file structure.pdb (PDB, C-alpha atoms)
ATOM      1  CA  MET A 123     195.359 158.283 160.777
ATOM      2  CA  GLY A 124     198.823 159.663 160.079
ATOM      3  CA  ARG A 125     199.974 158.844 163.605
ATOM      4  CA  VAL A 126     198.912 155.217 163.195
ATOM      5  CA  MET A 127     200.745 154.914 159.885
ATOM      6  CA  TYR A 128     203.997 156.321 161.298
ATOM      7  CA  GLN A 129     203.676 154.071 164.334
ATOM      8  CA  GLU A 130     203.328 151.018 162.074
ATOM      9  CA  ILE A 131     206.334 152.049 159.964
ATOM     10  CA  LEU A 132     208.493 152.494 163.070
ATOM     11  CA  ALA A 133     207.262 149.175 164.448
ATOM     12  CA  PHE A 134     208.068 147.455 161.148
ATOM     13  CA  ILE A 135     211.628 148.856 161.241
ATOM     14  CA  PHE A 136     212.069 147.615 164.823
ATOM     15  CA  THR A 137     210.681 144.149 164.140
ATOM     16  CA  THR A 138     212.505 143.475 160.885
ATOM     17  CA  SER A 139     215.783 144.717 162.367
ATOM     18  CA  GLY A 140     215.289 142.510 165.408
ATOM     19  CA  TRP A 141     214.377 139.541 163.260
ATOM     20  CA  ALA A 142     217.507 140.067 161.133
ATOM     21  CA  LEU A 143     219.665 140.147 164.277
ATOM     22  CA  VAL A 144     218.035 137.002 165.636
ATOM     23  CA  THR A 145     218.520 135.211 162.318
ATOM     24  CA  SER A 146     222.178 136.246 162.147
ATOM     25  CA  THR A 147     222.918 134.491 165.446
ATOM     26  CA  LEU A 148     222.086 131.050 164.006
ATOM     27  CA  PRO A 149     225.271 130.676 161.907
ATOM     28  CA  LEU A 150     227.345 132.930 164.187
ATOM     29  CA  GLU A 151     229.997 130.863 165.920
ATOM     30  CA  TYR A 152     230.654 132.945 169.030
ATOM     31  CA  ARG A 153     227.898 131.793 171.357
ATOM     32  CA  ARG A 154     230.441 130.846 173.983
ATOM     33  CA  VAL A 155     234.186 131.462 174.072
ATOM     34  CA  TYR A 156     237.089 130.125 176.082
ATOM     35  CA  SER A 157     240.686 131.280 176.118
ATOM     36  CA  PRO A 158     243.011 129.506 178.561
ATOM     37  CA  ALA A 159     245.336 131.712 180.565
ATOM     38  CA  GLY A 160     248.864 131.071 179.389
ATOM     39  CA  THR A 161     252.265 132.579 180.088
ATOM     40  CA  VAL A 162     252.795 133.379 176.407
ATOM     41  CA  ILE A 163     249.954 135.446 174.943
ATOM     42  CA  ILE A 164     250.939 134.830 171.320
ATOM     43  CA  THR A 165     250.430 131.074 171.578
ATOM     44  CA  THR A 166     247.133 131.215 173.480
ATOM     45  CA  PRO A 167     244.370 129.495 171.466
ATOM     46  CA  LEU A 168     240.733 130.566 171.402
ATOM     47  CA  TYR A 169     237.936 128.021 171.727
ATOM     48  CA  PHE A 170     234.387 128.901 170.709
ATOM     49  CA  SER A 171     231.209 127.127 169.720
ATOM     50  CA  ASN A 172     227.562 127.609 168.777
ATOM     51  CA  LEU A 173     224.495 125.409 168.374
ATOM     52  CA  TRP A 174     226.014 123.413 165.525
ATOM     53  CA  LYS A 175     229.773 122.980 166.011
ATOM     54  CA  ASN A 176     232.885 123.489 168.140
ATOM     55  CA  CYS A 177     235.813 125.550 166.850
ATOM     56  CA  VAL A 178     239.334 126.519 167.856
ATOM     57  CA  THR A 179     241.592 129.279 166.504
ATOM     58  CA  ASP A 180     245.379 129.120 166.944
ATOM     59  CA  SER A 181     247.842 131.981 167.230
ATOM     60  CA  THR A 182     248.155 132.269 163.430
ATOM     61  CA  GLY A 183     244.425 132.948 163.047
ATOM     62  CA  VAL A 184     243.624 129.594 161.435
ATOM     63  CA  SER A 185     240.299 128.139 162.626
ATOM     64  CA  ASP A 186     239.380 124.488 162.749
ATOM     65  CA  CYS A 187     235.733 123.549 163.335
ATOM     66  CA  LYS A 188     234.029 120.239 163.945
ATOM     67  CA  ASP A 189     230.299 119.692 163.623
ATOM     68  CA  PHE A 190     228.446 117.873 166.362
ATOM     69  CA  PRO A 191     228.516 114.214 165.297
ATOM     70  CA  SER A 192     224.992 113.218 166.401
ATOM     71  CA  MET A 193     221.840 115.200 167.036
ATOM     72  CA  LEU A 194     220.417 112.596 169.409
ATOM     73  CA  ALA A 195     223.617 112.559 171.478
ATOM     74  CA  LEU A 196     223.507 116.302 172.128
ATOM     75  CA  ASP A 197     222.693 117.794 175.485
ATOM     76  CA  GLY A 198     219.055 118.610 176.008
ATOM     77  CA  TYR A 199     219.607 122.343 176.380
ATOM     78  CA  ILE A 200     221.283 122.554 172.951
ATOM     79  CA  GLN A 201     218.368 120.769 171.299
ATOM     80  CA  ALA A 202     215.909 123.066 173.070
ATOM     81  CA  CYS A 203     217.854 126.149 171.981
ATOM     82  CA  ARG A 204     217.915 124.932 168.400
ATOM     83  CA  GLY A 205     214.161 124.406 168.338
ATOM     84  CA  LEU A 206     213.439 127.792 169.914
ATOM     85  CA  MET A 207     215.723 129.659 167.511
ATOM     86  CA  ILE A 208     214.261 127.981 164.432
ATOM     87  CA  THR A 209     210.759 128.733 165.722
ATOM     88  CA  ALA A 210     211.740 132.376 166.288
ATOM     89  CA  VAL A 211     213.050 132.726 162.734
ATOM     90  CA  CYS A 212     209.902 131.165 161.226
ATOM     91  CA  LEU A 213     207.573 133.333 163.319
ATOM     92  CA  GLY A 214     209.538 136.428 162.333
ATOM     93  CA  LEU A 215     209.209 135.511 158.662
ATOM     94  CA  PHE A 216     205.446 135.091 158.994
ATOM     95  CA  GLY A 217     205.233 138.326 160.974
ATOM     96  CA  SER A 218     207.093 140.278 158.288
ATOM     97  CA  THR A 219     204.754 138.972 155.601
ATOM     98  CA  PHE A 220     201.595 139.760 157.558
ATOM     99  CA  ALA A 221     202.945 143.179 158.560
ATOM    100  CA  LEU A 222     203.455 144.154 154.928
ATOM    101  CA  VAL A 223     199.869 143.154 154.174
ATOM    102  CA  GLY A 224     198.340 144.797 157.245
ATOM    103  CA  MET A 225     200.250 148.072 157.320
ATOM    104  CA  LYS A 226     198.227 151.129 156.443
ATOM    105  CA  CYS A 227     200.802 152.416 153.948
ATOM    106  CA  THR A 228     200.360 149.385 151.674
ATOM    107  CA  LYS A 229     197.570 148.880 149.140
ATOM    108  CA  ILE A 230     196.865 145.212 149.824
ATOM    109  CA  GLY A 231     194.957 143.484 152.572
ATOM    110  CA  GLY A 232     191.353 144.455 151.885
ATOM    111  CA  THR A 233     189.347 146.826 154.031
ATOM    112  CA  ARG A 234     190.780 148.953 156.790
ATOM    113  CA  LYS A 235     189.169 146.767 159.401
ATOM    114  CA  ASN A 236     190.835 143.649 157.974
ATOM    115  CA  LYS A 237     194.206 145.414 157.655
ATOM    116  CA  ALA A 238     194.054 146.455 161.304
ATOM    117  CA  ARG A 239     193.452 142.866 162.374
ATOM    118  CA  ILE A 240     196.247 141.563 160.133
ATOM    119  CA  ALA A 241     198.687 144.127 161.549
ATOM    120  CA  CYS A 242     197.758 143.093 165.088
ATOM    121  CA  PHE A 243     198.247 139.429 164.160
ATOM    122  CA  ALA A 244     201.679 140.265 162.723
ATOM    123  CA  GLY A 245     202.584 141.970 165.990
ATOM    124  CA  GLY A 246     201.639 138.838 167.898
ATOM    125  CA  ASN A 247     203.940 136.780 165.676
ATOM    126  CA  PHE A 248     206.842 139.116 166.355
ATOM    127  CA  ILE A 249     206.219 139.059 170.103
ATOM    128  CA  LEU A 250     206.272 135.253 170.103
ATOM    129  CA  SER A 251     209.403 135.309 167.941
ATOM    130  CA  GLY A 252     211.156 137.592 170.422
ATOM    131  CA  ILE A 253     210.100 135.446 173.369
ATOM    132  CA  CYS A 254     211.390 132.267 171.690
ATOM    133  CA  SER A 255     214.716 133.871 170.800
ATOM    134  CA  MET A 256     215.181 135.384 174.244
ATOM    135  CA  SER A 257     214.361 132.053 175.869
ATOM    136  CA  SER A 258     216.909 130.272 173.687
ATOM    137  CA  CYS A 259     219.692 132.749 174.493
ATOM    138  CA  SER A 260     218.811 132.732 178.189
ATOM    139  CA  ILE A 261     218.827 128.924 178.444
ATOM    140  CA  TYR A 262     222.202 128.766 176.717
ATOM    141  CA  ALA A 263     223.615 131.541 178.906
ATOM    142  CA  HIS A 264     222.297 129.857 182.060
ATOM    143  CA  GLN A 265     224.157 126.664 181.170
ATOM    144  CA  ILE A 266     227.389 128.611 180.591
ATOM    145  CA  LEU A 267     227.122 130.473 183.884
ATOM    146  CA  THR A 268     226.199 127.314 185.790
ATOM    147  CA  GLU A 269     229.326 125.526 184.557
ATOM    148  CA  PHE A 270     231.525 128.589 185.059
ATOM    149  CA  PHE A 271     230.615 129.106 188.706
ATOM    150  CA  ASP A 272     230.487 125.400 189.588
ATOM    151  CA  PRO A 273     233.665 124.616 191.566
ATOM    152  CA  GLU A 274     233.257 120.893 190.867
ATOM    153  CA  PHE A 275     233.063 121.290 187.071
ATOM    154  CA  MET A 276     236.415 120.183 185.662
ATOM    155  CA  GLY A 277     235.862 120.885 181.964
ATOM    156  CA  GLN A 278     236.519 124.012 179.957
ATOM    157  CA  LYS A 279     234.720 126.965 181.521
ATOM    158  CA  TYR A 280     233.342 129.048 178.692
ATOM    159  CA  GLU A 281     232.139 132.644 178.862
ATOM    160  CA  LEU A 282     229.251 134.412 177.148
ATOM    161  CA  GLY A 283     229.844 135.074 173.462
ATOM    162  CA  ALA A 284     228.803 137.967 171.259
ATOM    163  CA  ALA A 285     226.026 135.959 169.594
ATOM    164  CA  LEU A 286     224.056 135.820 172.849
ATOM    165  CA  PHE A 287     224.078 139.599 173.273
ATOM    166  CA  ILE A 288     223.066 140.076 169.633
ATOM    167  CA  GLY A 289     220.231 137.608 170.157
ATOM    168  CA  TRP A 290     219.024 139.408 173.272
ATOM    169  CA  GLY A 291     219.084 142.750 171.471
ATOM    170  CA  GLY A 292     217.162 141.374 168.502
ATOM    171  CA  SER A 293     214.620 139.770 170.817
ATOM    172  CA  ILE A 294     213.939 143.067 172.567
ATOM    173  CA  LEU A 295     213.437 144.816 169.225
ATOM    174  CA  CYS A 296     210.989 142.116 168.106
ATOM    175  CA  ILE A 297     208.968 142.352 171.319
ATOM    176  CA  VAL A 298     208.876 146.174 171.338
ATOM    177  CA  GLY A 299     208.022 146.429 167.637
ATOM    178  CA  GLY A 300     205.425 143.672 167.888
ATOM    179  CA  SER A 301     203.753 145.440 170.796
ATOM    180  CA  MET A 302     203.623 148.643 168.772
ATOM    181  CA  LEU A 303     201.929 146.796 165.923
ATOM    182  CA  CYS A 304     199.391 145.307 168.308
ATOM    183  CA  PHE A 305     198.616 148.658 169.933
ATOM    184  CA  SER A 306     198.291 150.360 166.543
ATOM    185  CA  ILE A 307     194.863 148.756 166.220
ATOM    186  CA  THR A 308     193.614 150.905 169.094
ATOM    187  CA  GLY A 309     194.427 154.038 167.118
ATOM    188  CA  SER A 310     192.208 152.783 164.325
ATOM    189  CA  PHE A 311     189.051 152.961 166.421
ATOM    190  CA  THR A 312     187.887 156.408 167.539
ATOM    191  CA  LYS A 313     184.868 156.799 169.757
ATOM    192  CA  ILE A 314     182.800 159.931 169.554
ATOM    193  CA  TYR A 315     180.117 160.650 172.112
ATOM    194  CA  SER A 316     177.553 163.321 171.635
ATOM    195  CA  LYS A 317     174.622 164.408 173.783
ATOM    196  CA  TYR A 318     171.403 165.146 171.938
ATOM    197  CA  ASN A 319     167.793 165.354 173.214
ATOM    198  CA  GLY A 320     168.410 163.391 176.381
ATOM    199  CA  THR A 321     170.230 160.492 174.620
ATOM    200  CA  TRP A 322     173.853 159.529 174.237
ATOM    201  CA  THR A 323     175.011 158.588 170.727
ATOM    202  CA  SER A 324     178.124 156.434 170.488
ATOM    203  CA  SER A 325     179.713 156.230 167.047
ATOM    204  CA  THR A 326     182.676 153.986 166.362
ATOM    205  CA  LEU A 327     184.667 155.017 163.305
ATOM    206  CA  ILE A 328     186.994 152.392 161.879
ATOM    207  CA  THR A 329     189.757 154.341 160.168
ATOM    208  CA  HIS A 330     192.311 151.651 159.276
ATOM    209  CA  GLY A 331     192.214 150.809 155.567
ATOM    210  CA  THR A 332     190.284 151.772 152.464
ATOM    211  CA  ASP A 333     186.751 151.793 153.846
ATOM    212  CA  THR A 334     185.121 153.466 156.811
ATOM    213  CA  LEU A 335     182.602 151.575 158.884
ATOM    214  CA  THR A 336     180.382 153.441 161.336
ATOM    215  CA  GLN A 337     178.502 151.716 164.103
ATOM    216  CA  THR A 338     176.008 153.792 166.103
ATOM    217  CA  THR A 339     174.283 152.853 169.311
ATOM    218  CA  HIS A 340     171.781 154.844 171.333
ATOM    219  CA  SER A 341     171.131 154.744 175.045
ATOM    220  CA  LYS A 342     168.837 156.838 177.195
ATOM    221  CA  LYS A 343     170.323 159.444 179.457
ATOM    222  CA  SER A 344     170.349 158.395 183.061
ATOM    223  CA  MET A 345     168.235 160.749 185.148
TER     224      MET A 345
END

call {"tool": "encode", "arguments": {"input": "structure.pdb", "output": "structure tokens"}}
result
Amino acid sequence: MGRVMYQEILAFIFTTSGWALVTSTLPLEYRRVYSPAGTVIITTPLYFSNLWKNCVTDSTGVSDCKDFPSMLALDGYIQACRGLMITAVCLGLFGSTFALVGMKCTKIGGTRKNKARIACFAGGNFILSGICSMSSCSIYAHQILTEFFDPEFMGQKYELGAALFIGWGGSILCIVGGSMLCFSITGSFTKIYSKYNGTWTSSTLITHGTDTLTQTTHSKKSM
């Protein structure tokens, strides 16, 4: 029982940390960066952008940003990345709420059997959140790399920004922590087999929550 509780606490730390990192990449501006090679380093500007706007910083450190004028006029990959990131944040929020209810160290959620199922459901939410976030960062990065290595592309060739790496890291934490929450349900069911008078007795003890439910089945010993 103690092992399951510590596993859930560690999983909750992983998932909430990953969700916080994923959420922080939404307003972060450095999804892609571009700095033209100039002869004078001091006057070299820095161009960067994210899912919502394009920005430029001059040599004095002053930034000027411009929001995308129309949502319908955006490229398809930006719209897809927006939808995936918003979905990831919402799933992470639901997962955090369900995890608090289903964790063994909390006093809400009903019986131990129900808490185990809620914790597993929370883990599934975090896994989906991590997949959505990782897909969004990967699609965006694929577009950057495609333009960068395309010899016929004549526009500004951006490079990968810090927000993408933060998003990938948060996605991995969400997936790992969500998997730990899902597998914690297996530690809540212990099977005990005993041999008595030519029969096998199988007892399933549900040890996740406030109540203990025992299910016993009998089968004849095979001769």

call {"tool": "resolve_selection", "arguments": {"input": "structure.pdb", "expression": "the PyMOL selection byres ((chain A and resi 231) around 12)", "output": "list in words"}}
result
Thr219, Phe220, Ala221, Leu222, Val223, Gly224, Met225, Lys226, Cys227, Thr228, Lys229, Ile230, Gly232, Thr233, Arg234, Lys235, Asn236, Lys237, Ala238, Arg239, Ile240, Ala241, His330, Gly331, Thr332 and Asp333 of chain A

call {"tool": "atom_distance", "arguments": {"input": "structure.pdb", "atom1": "atom CA of Glu130 of chain A", "atom2": "atom CA of Met302 of chain A"}}
result
7.1 Å

call {"tool": "residues_around", "arguments": {"input": "structure.pdb", "residues": "segment 153-155 of chain A", "least_positions_apart": "5", "cutoff": "10 Å", "atoms": "only C-alpha atoms", "output": "JSON, numbers by chain"}}
result
{"A": [147, 148, 168, 169, 170, 171, 172, 173, 176, 177, 178, 259, 262, 263, 266, 278, 279, 280, 281, 282, 283, 284, 285, 286, 287, 288, 289]}

call {"tool": "residues_around", "arguments": {"input": "structure.pdb", "residues": "segment 204-216 of chain A", "least_positions_apart": "4", "cutoff": "12 Å", "atoms": "all atoms listed in the file", "output": "PyMOL selection string"}}
result
chain A and resi 134+136-149+172-174+193+196-200+220-223+240-241+243-262+286+289-290+292-293+295-297+299-300

call {"tool": "atom_distance", "arguments": {"input": "structure.pdb", "atom1": "atom CA of Thr308 of chain A", "atom2": "atom CA of Ala133 of chain A"}}
result
14.5 Å

call {"tool": "atom_distance", "arguments": {"input": "structure.pdb", "atom1": "atom CA of Val126 of chain A", "atom2": "atom CA of Cys304 of chain A"}}
result
11.2 Å

call {"tool": "closest_residue", "arguments": {"input": "structure.pdb", "among": "A:Ala202, A:Leu267, A:Val184, A:Cys242", "to": "Ser301 of chain A", "atoms": "all atoms listed in the file"}}
result
A:Cys242

call {"tool": "closest_residue", "arguments": {"input": "structure.pdb", "among": "A:Lys175, A:Ile307, A:Pro191, A:Ile131", "to": "Leu150 of chain A", "atoms": "all atoms listed in the file"}}
result
A:Lys175

call {"tool": "closest_residue", "arguments": {"input": "structure.pdb", "among": "A:Pro158, A:Ala195, A:Gly291, A:Asp186", "to": "Gly277 of chain A", "atoms": "all atoms listed in the file"}}
result
A:Pro158
